[in-house]
Amino acid sequence: MSLSSFSYWQALSVPDALKILHNEQQQVKLLAGGTDFTVQRKEGLWQDKHILDIWKTKELDYIRESGKSIQLGARTTMDELIDSAVIRKYAKPLHLAACVFASPQIRNRATLGGNINNASPAGDTLPALFVLNAKLKLSSAKKDRLVPIHEFFLGPRKTLLQPNEMLTEIIIDKLDPKYQSDFYKLGERNAVAIAIVNLAVCRKIDPRSHKVTDIRISYGSVAPTVIRAPQTEQLLLHQTLTESLINKAAERAQSEVSPISDVRASADYRKEMSASLLKFLLKNNRS
Amino acid sequence: MTKEIQPSQTPITLRFRLNGKPVETLIKPGDFLLEVIRTHFGLTAAKHGCDIGLCGACTMIINGKSVKTCIYAAEKAQNAEVWTLEGLSDKDFLDPLQDAWLRHGASQCGYSTPGMIMAAKALLLKNPNPSREEVIQSLSGNLCRCTGYQQIVDAVLEAARIMREGIQKVPIKEELSSVVLGKSSFSKDTLDKVTGHCKFTDDHPWEGALWAQVARSPQAHAWIENIDISEARKLPGVVAVYTHEDIPGSKLYGKAIRDQSVLAFRKVRHIGEPVALIVAQTRETACQAAQLVKVDYTPLPAVFDCEEALKPDSPVIHDEPEAFQDFVHEQWMNPRKSGGFPLNVLYYFPIRKGNLEEGFNQSDLIVERTYRTPWIEHACMEYEAAIAIPDTEDGIRVSAPTQNVFLDRREIADVLGIPKEKVRVIQLPMGAAYGKREDMFGQLQVSLAAWLLKKPVKMVYTREETFAWTTKRYPMTMKYKTGVTKEGKILAFEATLLVEKGAYASWGPSGLRKSTVHAAGPYEIPHVKIDGYSIYTNNVPAGPMRGFGATEVGFAHEAHMDNIARELGMDPVEFRKKNLIPAGGKTVTGQILNVACTPEDTLNAALKKLQELPPLPEPDKPFIKRGRGLATMMYGIGYGHGIPDIGSAVCELLPDGSLLVKTSAVDYGQGLLTAFSQIAAETTGVPLSHVQIITGDTQETPDSGSSVATRQTYVSGNAVRIAAAKLQEAILGHAAKLAELPVGELRLSDGKITHGKKILFTLKELAKKAASEGIFLKKQGRFKAKTTPLDTASGQGDAYWPYAFGTQIVELDLDTQTGKVTLQRIIAAHNVGKALNPNNVLGQIYGGIVQGIGMALMEEFQFDEGKPISLNFDSYKIPRTTQVPPIEAVVMEIPEATGPYGAVGIGEPSTVPTAPAITNALAQATGLEFNSVPVTPDTILKTIS
Ligand SMILES: Cc1cc2nc3c(=O)[nH]c(=O)nc-3n(C[C@H](O)[C@H](O)[C@H](O)COP(=O)(O)OP(=O)(O)OC[C@H]3O[C@@H](n4cnc5c(N)ncnc54)[C@H](O)[C@@H]3O)c2cc1C
Ligand code: FES
């Protein structure tokens, strides 16, 4: 069951990886943990590509904290996210997303860069990264550029990444302790399931006025790409989170999603869940 | 750090440490580590189970972490430290995990065991003191279809404890006693499963074997106008391409009815039907050539639904005049012969008792419902595989996962047109069966190719092919109508059962009879009318699966009982108690149940357990609803219906004093080898570790029928007991002669023949003496189960013998916001007569229940106009560790007088009540009805709103 013949490079440094990308252009496909790539290749995709393995590019494997942001190397694995105290403290939705990600055997190989670049609308870290205002550093041999995550995805499996580029770093906002934040994956928890709906929310409430001073809501699996729910956010901003407002927001959220039916769930169910889960997280009903 | 680029062209040298030793091998870029380890190093513990990272069967430990190696590029292992299960033990010592696995009975078929142990090992390396929840979470990437996970989790926790005490190695112990019944012993095959040395069909190298692949029909129903194989033949590497014209013997096969073609001729009746057979040097070439076979079809209208297939204008699927003349058992009713049936009816079976009209007239309430169960995939973890090797003397040897070697032999011999004696079928260890392997998949095709080419030929399916092209549990539509008095006594029961068979019969008639006889459940009802129809459609053929007709109607009768109780306003337990068949009561076929354990005994045992257990904490969220549901069942063991049901075994004392047991009854993980070894040891007095056993070999073992219908513990277990008792008599007789003592004063136990306190001989000494004198100590035992044909017009008579009963109680939480169900606890009370091996009995109960959980909550195999679309474990979900609640088993041991040491089977009964107990709990939580399965969050929310 081997694949047709092709070349395999192992890059031990970023400049070398970028050099190969520069020289080979269209011919090369990046490989990190390989948990998406190998499965897709077995299904017949990418047969014409050479492989550039960046797993051993240690300089892409880090979690650093500085001022108001956190920088993550693209090669950081889900396990490393789970184990990181910084992530747990300042980026709870990402921590929670990593916790419910696949199974142990996958979590210690699946990388953040891979999850982003696989560009699945169901990718579990993506809603978390959306609410953390992630910026992606796309590097090529010539230059680096920073792209906000909400601009990166063009459709299922389609992104802004150019053939000579790779994602090297993800920069996220640190959520100060005044934020309440959460992530919820509907699907079997920790059980190798693709999300039916996943949802990340973070919000800040003024302790005196009880009004919402910042709110970010992001859904996965309910549209061709992961989305923010701007109208719903607008509806809640500067308001007090009453039961009736939350219900209204949930209704609004339903109109912002455009799910499809597939083997895992019907579009109707996804729509309904988009509302229920938002209510659930906003009411802080979580166990 | 040196910055270094390693461009590598084919092939590259991979150097790494494998199980502690440095190794190197040449690989092609793009090879996966799993294949490299299996084929370059012959280490086959890690298995293919899905090949896309979903099942964990391929788990190894790489640099201290568990990895799914089916999706791990081999190059990544450069300089790595790789461990497979084989590396955990040597010939004298086991890893504490392996030892705990044995003592907890955590392995059944053993196919997923290696990956599971490695995942557990990785957990303990990281966390030596995991909680139960952590173990469950850590194993959630590993699927097991047999065990139900409970004993696995127990084993991991215990191994962790032992390792924390500083014990890293456990010596392999032998069982030197012969007094082993009722102990959780294990036989040698189980040891092989936990050390990774158990070889399944595809684990053997099969040197020189060619690859076979079939070209399949893309049409669901079509005339074949022409088959052009010329292009396929021209492809380099192709050795031969065959069509039906090349078949020397029968072009049709079928174990119950000969209606299925080995390679299609005239017509195809389902998508995926084999049309041509390609033999090539490699799998890739064979698959490529299969695409080059050109077939001209004239499509016919197709039908994919039972009720449509019954309509007068439905396309007729088997339209040849000779269609199903070839019923294997004459007493089976052949609808074609009796006439008056829609032409797609494969089989019809009626039951009539009392006077239905009168029953309904006397009733105060009539409750009518329709129940549905879906297509369910067995999901055996092992892919279908088959190998045929021509023998030197004009014969052929065939191995494949099968539940009956003798029936496989008959079919193969007929297709090849040679006498049965020239075909030898040997069963190898198999990655479970659950009924699937009563049908044949690759056997006939590899036999044909090997026979024509006189070369070994093998075929291994992929997971996708296994899911797409093998039989599944048949879907059923069950229309129930029941009349009851207001006091809750059932007077009349009418049911119409529609069983979808797909395109071919498989075991349709026996399955339908089982459904019909069990349709009313374990309730005594005076007036009964049941009509069962088995119906052809253009879907992939359906076949037997655990419970074989009793599981599907089990869902219907138990959901129905709760629906009636609700309409009566009566407690479902009380309502059941008023109607359960008492000892000496009658089933719907008029059979008097002279049983020591009644269905009500199991109901009471389950309720008692519920009372003893601490109540569950109340759900703490307003949107979580708690539900409790109960279901009870009966299951008729054995073939029944007058079909000869015979077990046969041979016991022989070998010259080295060990005991050899032979029977064709095959073990696919139910623990038969252990049970037979235990019966043989206990009965003869030979220590368990000196018992060897050969099963499933048409040349070496006597025919003991199929491993189906929960019959082997009972039928073949009895045969082993009889043979063993005769052998002991012969051994003692011989010893008495040698010692010149009266035989009645001698005893044989633990391998020693004693007279009072004095040891006269060890068995070894006696065996040696006997051998030197040319005396063979060898005996055969046969056991015939009671079975009588039913009246074909009324279905009255003694259908099965004996019956097993059980009751399960489910407690669950329903999240009304998402429709998600979280099972909290399952109580299962089953009578097993005698638990010959308590671990194995528990394993059967847990495993059966977890398959029932799948049926209730997630499993439905989907087709789109006859095209299978649930092709791997992502679209066809089976329960994982995280979805299984604690199971409290109440193992009842009320002996069955005719069973070996009182035992009856438990394999199938445990799966029957689970699904309805779950839906009844949901009904109780919501006040609504759930009359079809699976109930997914999606359907639950729809029902609620
Ligand atoms: C059994 C199983 C379960 C899974 N469960 C989940 C789940 O629960 N949730 C979920 O979200 N996903 C899941 N996945 C999908 C997958 O594991 C994730 O998307 C993972 O994060 C991919 O990371 P990787 O390092 O393995 O990526 P790879 O497979 O190595 O790469 C994925 C894609 O990203 C590209 N890529 C990788 N790194 C870079 C980079 N630095 N710059 C540019 N492009 C790059 C690759 O070229 C490729 O196209 C599952 C997969 C499997 C096999
Ligand atoms: S996970 Fe590798 S074979 Fe299933």
# chains A, B, ... in the order shown; residues from 1 in each chain; ligands from 1
$ residues_near_ligand --ligand "ligand 2" --cutoff "9 Å" --atoms "only C-alpha atoms and all ligand atoms" --output "PyMOL selection string"
(chain A and resi 105) or (chain B and resi 34+46-59+67-72+115+141-143+873)
$ residues_near_ligand --ligand "ligand 1" --cutoff "7 Å" --atoms "only C-alpha atoms and all ligand atoms" --output "MDAnalysis selection string"
(chainID A and resid 29:39 74:75 100:103 106 109:118 122:125 165:168 192:195) or (chainID B and resid 52:54)
$ residues_around --residues "Val275 of chain B" --least-positions-apart "3" --cutoff "10 Å" --atoms "only C-alpha atoms" --output "list of chain:residue names"
B:Val214, B:Ala215, B:Arg216, B:Ser217, B:Ile224, B:Ile227, B:Tyr242, B:Thr243, B:His244, B:Ser261, B:Val262, B:Leu263, B:Ala264, B:Phe265, B:Lys267, B:Val268, B:Gly272, B:Ala290, B:Val293, B:Lys294, B:Val295
$ select_by_dssp --residues "segment 508-635 of chain B" --states "strand (DSSP E or B)" --output "list in words"
Tyr523, His527, Val528, Lys529, Ile530, Asp531, Gly532, Tyr533, Ser534, Ile535, Tyr536, Gly543, Leu580, Lys586, Ile592, Ile624, Lys625, Arg626, Gly627, Arg628, Gly629, Leu630, Ala631, Thr632, Met633, Met634 and Tyr635 of chain B
$ interface_residues --of "chain B" --to "chain A" --cutoff "8 Å" --atoms "only C-alpha atoms" --output "PyMOL selection string"
chain B and resi 3-10+28-32+35+52-54+56+59+65-68+71-73+119+137-141+284+621+817-818+874-875+880+882+938+941
$ select_by_dssp --residues "segment 141-275 of chain B" --states "alpha helix (DSSP H)" --output "list of chain:residue names"
B:Gln150, B:Gln151, B:Ile152, B:Val153, B:Asp154, B:Ala155, B:Val156, B:Leu157, B:Glu158, B:Ala159, B:Ala160, B:Arg161, B:Ile162, B:Met163, B:Arg164, B:Lys188, B:Asp189, B:Thr190, B:Leu191, B:Asp192, B:Lys193, B:Val194, B:Thr195, B:Ser230, B:Glu231, B:Ala232, B:Arg233, B:Lys234
$ write_last_selection --atoms "C-alpha atoms" --output "compact mmCIF listing (two decimals), in the first residue's frame"
# COMPACT_ATOMS: atom_id res chain seq x y z
CA GLN B 150 -14.81 -2.90 30.86
CA GLN B 151 -12.26 -5.66 31.51
CA ILE B 152 -9.65 -3.74 29.52
CA VAL B 153 -10.00 -0.71 31.74
CA ASP B 154 -9.89 -2.94 34.84
CA ALA B 155 -6.74 -4.61 33.53
CA VAL B 156 -4.96 -1.31 32.90
CA LEU B 157 -5.78 -0.03 36.36
CA GLU B 158 -4.53 -3.20 37.95
CA ALA B 159 -1.35 -3.28 35.92
CA ALA B 160 -0.70 0.32 36.93
CA ARG B 161 -1.05 -0.63 40.56
CA ILE B 162 1.32 -3.57 40.21
CA MET B 163 3.87 -1.48 38.40
CA ARG B 164 3.73 1.19 41.06
CA LYS B 188 -2.53 -20.95 25.22
CA ASP B 189 -4.29 -19.08 22.41
CA THR B 190 -5.10 -16.24 24.81
CA LEU B 191 -1.47 -15.98 25.84
CA ASP B 192 -0.55 -15.60 22.16
CA LYS B 193 -3.08 -12.83 21.81
CA VAL B 194 -1.57 -10.71 24.57
CA THR B 195 2.03 -11.27 23.46
CA SER B 230 -9.00 -8.36 -22.91
CA GLU B 231 -7.67 -5.02 -21.64
CA ALA B 232 -7.36 -6.26 -18.10
CA ARG B 233 -5.46 -9.29 -19.28
CA LYS B 234 -2.93 -7.18 -21.17
$ closest_residue --among "B:Ser314, B:Ser178, B:Gln281, B:Thr466" --to "Asn872 of chain B" --atoms "only C-alpha atoms"
B:Thr466
$ residues_around --residues "Gly642 of chain B" --least-positions-apart "5" --cutoff "7 Å" --atoms "only C-alpha atoms" --output "NGL selection string"
:B and (787-789)
$ write_last_selection --atoms "all heavy atoms" --output "PDB file, in the first residue's frame"
ATOM      1  N   THR B 787     -34.200 -31.241  18.856  1.00  0.00           N
ATOM      2  CA  THR B 787     -34.725 -30.317  17.862  1.00  0.00           C
ATOM      3  C   THR B 787     -35.832 -31.002  17.077  1.00  0.00           C
ATOM      4  O   THR B 787     -35.694 -32.145  16.659  1.00  0.00           O
ATOM      5  CB  THR B 787     -33.600 -29.791  16.929  1.00  0.00           C
ATOM      6  OG1 THR B 787     -34.183 -29.262  15.735  1.00  0.00           O
ATOM      7  CG2 THR B 787     -32.593 -30.845  16.537  1.00  0.00           C
ATOM      8  N   THR B 788     -36.945 -30.300  16.951  1.00  0.00           N
ATOM      9  CA  THR B 788     -38.072 -30.897  16.231  1.00  0.00           C
ATOM     10  C   THR B 788     -38.615 -29.891  15.226  1.00  0.00           C
ATOM     11  O   THR B 788     -38.591 -28.689  15.473  1.00  0.00           O
ATOM     12  CB  THR B 788     -39.215 -31.262  17.204  1.00  0.00           C
ATOM     13  OG1 THR B 788     -39.525 -30.098  17.981  1.00  0.00           O
ATOM     14  CG2 THR B 788     -38.846 -32.391  18.125  1.00  0.00           C
ATOM     15  N   PRO B 789     -39.092 -30.369  14.083  1.00  0.00           N
ATOM     16  CA  PRO B 789     -39.646 -29.435  13.107  1.00  0.00           C
ATOM     17  C   PRO B 789     -40.976 -28.877  13.605  1.00  0.00           C
ATOM     18  O   PRO B 789     -41.704 -29.555  14.328  1.00  0.00           O
ATOM     19  CB  PRO B 789     -39.843 -30.285  11.863  1.00  0.00           C
ATOM     20  CG  PRO B 789     -39.824 -31.704  12.314  1.00  0.00           C
ATOM     21  CD  PRO B 789     -39.105 -31.767  13.623  1.00  0.00           C
TER      22      PRO B 789
END
$ residues_around --residues "segment 694-707 of chain B" --least-positions-apart "2" --cutoff "6 Å" --atoms "only C-alpha atoms" --output "short mmCIF file (atom, residue, chain, number, x, y, z; two decimals) with N, CA, C and O atoms, in the first residue's frame"
data_model
loop_
_atom_site.label_atom_id
_atom_site.label_comp_id
_atom_site.auth_asym_id
_atom_site.auth_seq_id
_atom_site.Cartn_x
_atom_site.Cartn_y
_atom_site.Cartn_z
N GLN B 403 -17.10 -19.36 10.25
CA GLN B 403 -17.74 -19.94 11.43
C GLN B 403 -18.07 -21.41 11.24
O GLN B 403 -18.61 -22.04 12.14
N ASN B 404 -17.80 -21.94 10.05
CA ASN B 404 -18.06 -23.36 9.83
C ASN B 404 -17.19 -23.88 8.70
O ASN B 404 -17.47 -23.65 7.53
N VAL B 405 -16.14 -24.60 9.05
CA VAL B 405 -15.21 -25.07 8.03
C VAL B 405 -15.84 -26.10 7.10
O VAL B 405 -15.51 -26.17 5.91
N ARG B 424 -9.38 -29.01 1.82
CA ARG B 424 -9.17 -28.95 3.27
C ARG B 424 -9.30 -27.50 3.70
O ARG B 424 -8.58 -26.63 3.22
N VAL B 425 -10.25 -27.26 4.59
CA VAL B 425 -10.44 -25.89 5.09
C VAL B 425 -9.92 -25.83 6.52
O VAL B 425 -10.29 -26.65 7.36
N ILE B 426 -9.01 -24.90 6.73
CA ILE B 426 -8.43 -24.74 8.07
C ILE B 426 -8.74 -23.33 8.55
O ILE B 426 -8.45 -22.35 7.87
N GLN B 427 -9.34 -23.27 9.72
CA GLN B 427 -9.65 -21.95 10.26
C GLN B 427 -8.45 -21.44 11.03
O GLN B 427 -7.89 -22.13 11.86
N GLY B 647 -23.08 -32.03 17.95
CA GLY B 647 -21.72 -31.66 18.33
C GLY B 647 -20.87 -32.90 18.35
O GLY B 647 -21.34 -33.99 18.69
N SER B 648 -19.61 -32.73 17.98
CA SER B 648 -18.75 -33.90 17.91
C SER B 648 -17.34 -33.51 18.32
O SER B 648 -16.84 -32.46 17.92
N LYS B 662 -10.07 -32.45 19.86
CA LYS B 662 -10.33 -32.00 18.50
C LYS B 662 -11.83 -31.84 18.28
O LYS B 662 -12.60 -32.74 18.59
N THR B 663 -12.19 -30.69 17.75
CA THR B 663 -13.57 -30.49 17.34
C THR B 663 -13.56 -29.40 16.28
O THR B 663 -12.72 -28.51 16.31
N SER B 664 -14.48 -29.46 15.36
CA SER B 664 -14.46 -28.45 14.29
C SER B 664 -15.02 -27.12 14.76
O SER B 664 -14.84 -26.11 14.10
N ALA B 665 -15.68 -27.10 15.91
CA ALA B 665 -16.30 -25.86 16.41
C ALA B 665 -15.26 -24.75 16.50
O ALA B 665 -14.25 -24.90 17.17
N VAL B 666 -15.48 -23.63 15.83
CA VAL B 666 -14.45 -22.61 15.81
C VAL B 666 -14.69 -21.52 16.85
O VAL B 666 -15.81 -21.17 17.17
N GLN B 712 -22.47 -23.47 20.65
CA GLN B 712 -21.27 -24.30 20.78
C GLN B 712 -20.93 -24.67 22.23
O GLN B 712 -20.48 -25.78 22.48
#
$ atom_distance --atom1 "atom CA of Arg228 of chain A" --atom2 "atom CA of Gln162 of chain A"
24.1 Å
$ residues_around --residues "Tyr846 of chain B" --least-positions-apart "6" --cutoff "10 Å" --atoms "only C-alpha atoms" --output "PyMOL selection string"
chain B and resi 146-151+826+828+840+852+884+886-889+910-911
$ atom_distance --atom1 "atom CA of Pro22 of chain B" --atom2 "atom CA of Trp83 of chain B"
11.7 Å
$ closest_residue --among "B:Leu448, B:Val708, B:Ala631, B:Ile564" --to "Thr914 of chain B" --atoms "only C-alpha atoms"
B:Ala631
$ atom_distance --atom1 "atom CA of Glu464 of chain B" --atom2 "atom CA of Ala119 of chain A"
25.1 Å
$ closest_residue --among "A:Lys185, A:Lys142, A:His95, A:His150" --to "Ser221 of chain A" --atoms "only C-alpha atoms"
A:Lys185
$ residues_around --residues "Asp176 of chain A" --least-positions-apart "2" --cutoff "10 Å" --atoms "only C-alpha atoms" --output "list in words"
Lys68, Lys89, Tyr90, Ala91, Asp173, Lys174, Lys178, Tyr179, Gln180 and Lys204 of chain A
$ closest_residue --among "B:Thr926, B:Gly833, B:Gly905, B:Gln862" --to "Phe623 of chain B" --atoms "only C-alpha atoms"
B:Thr926
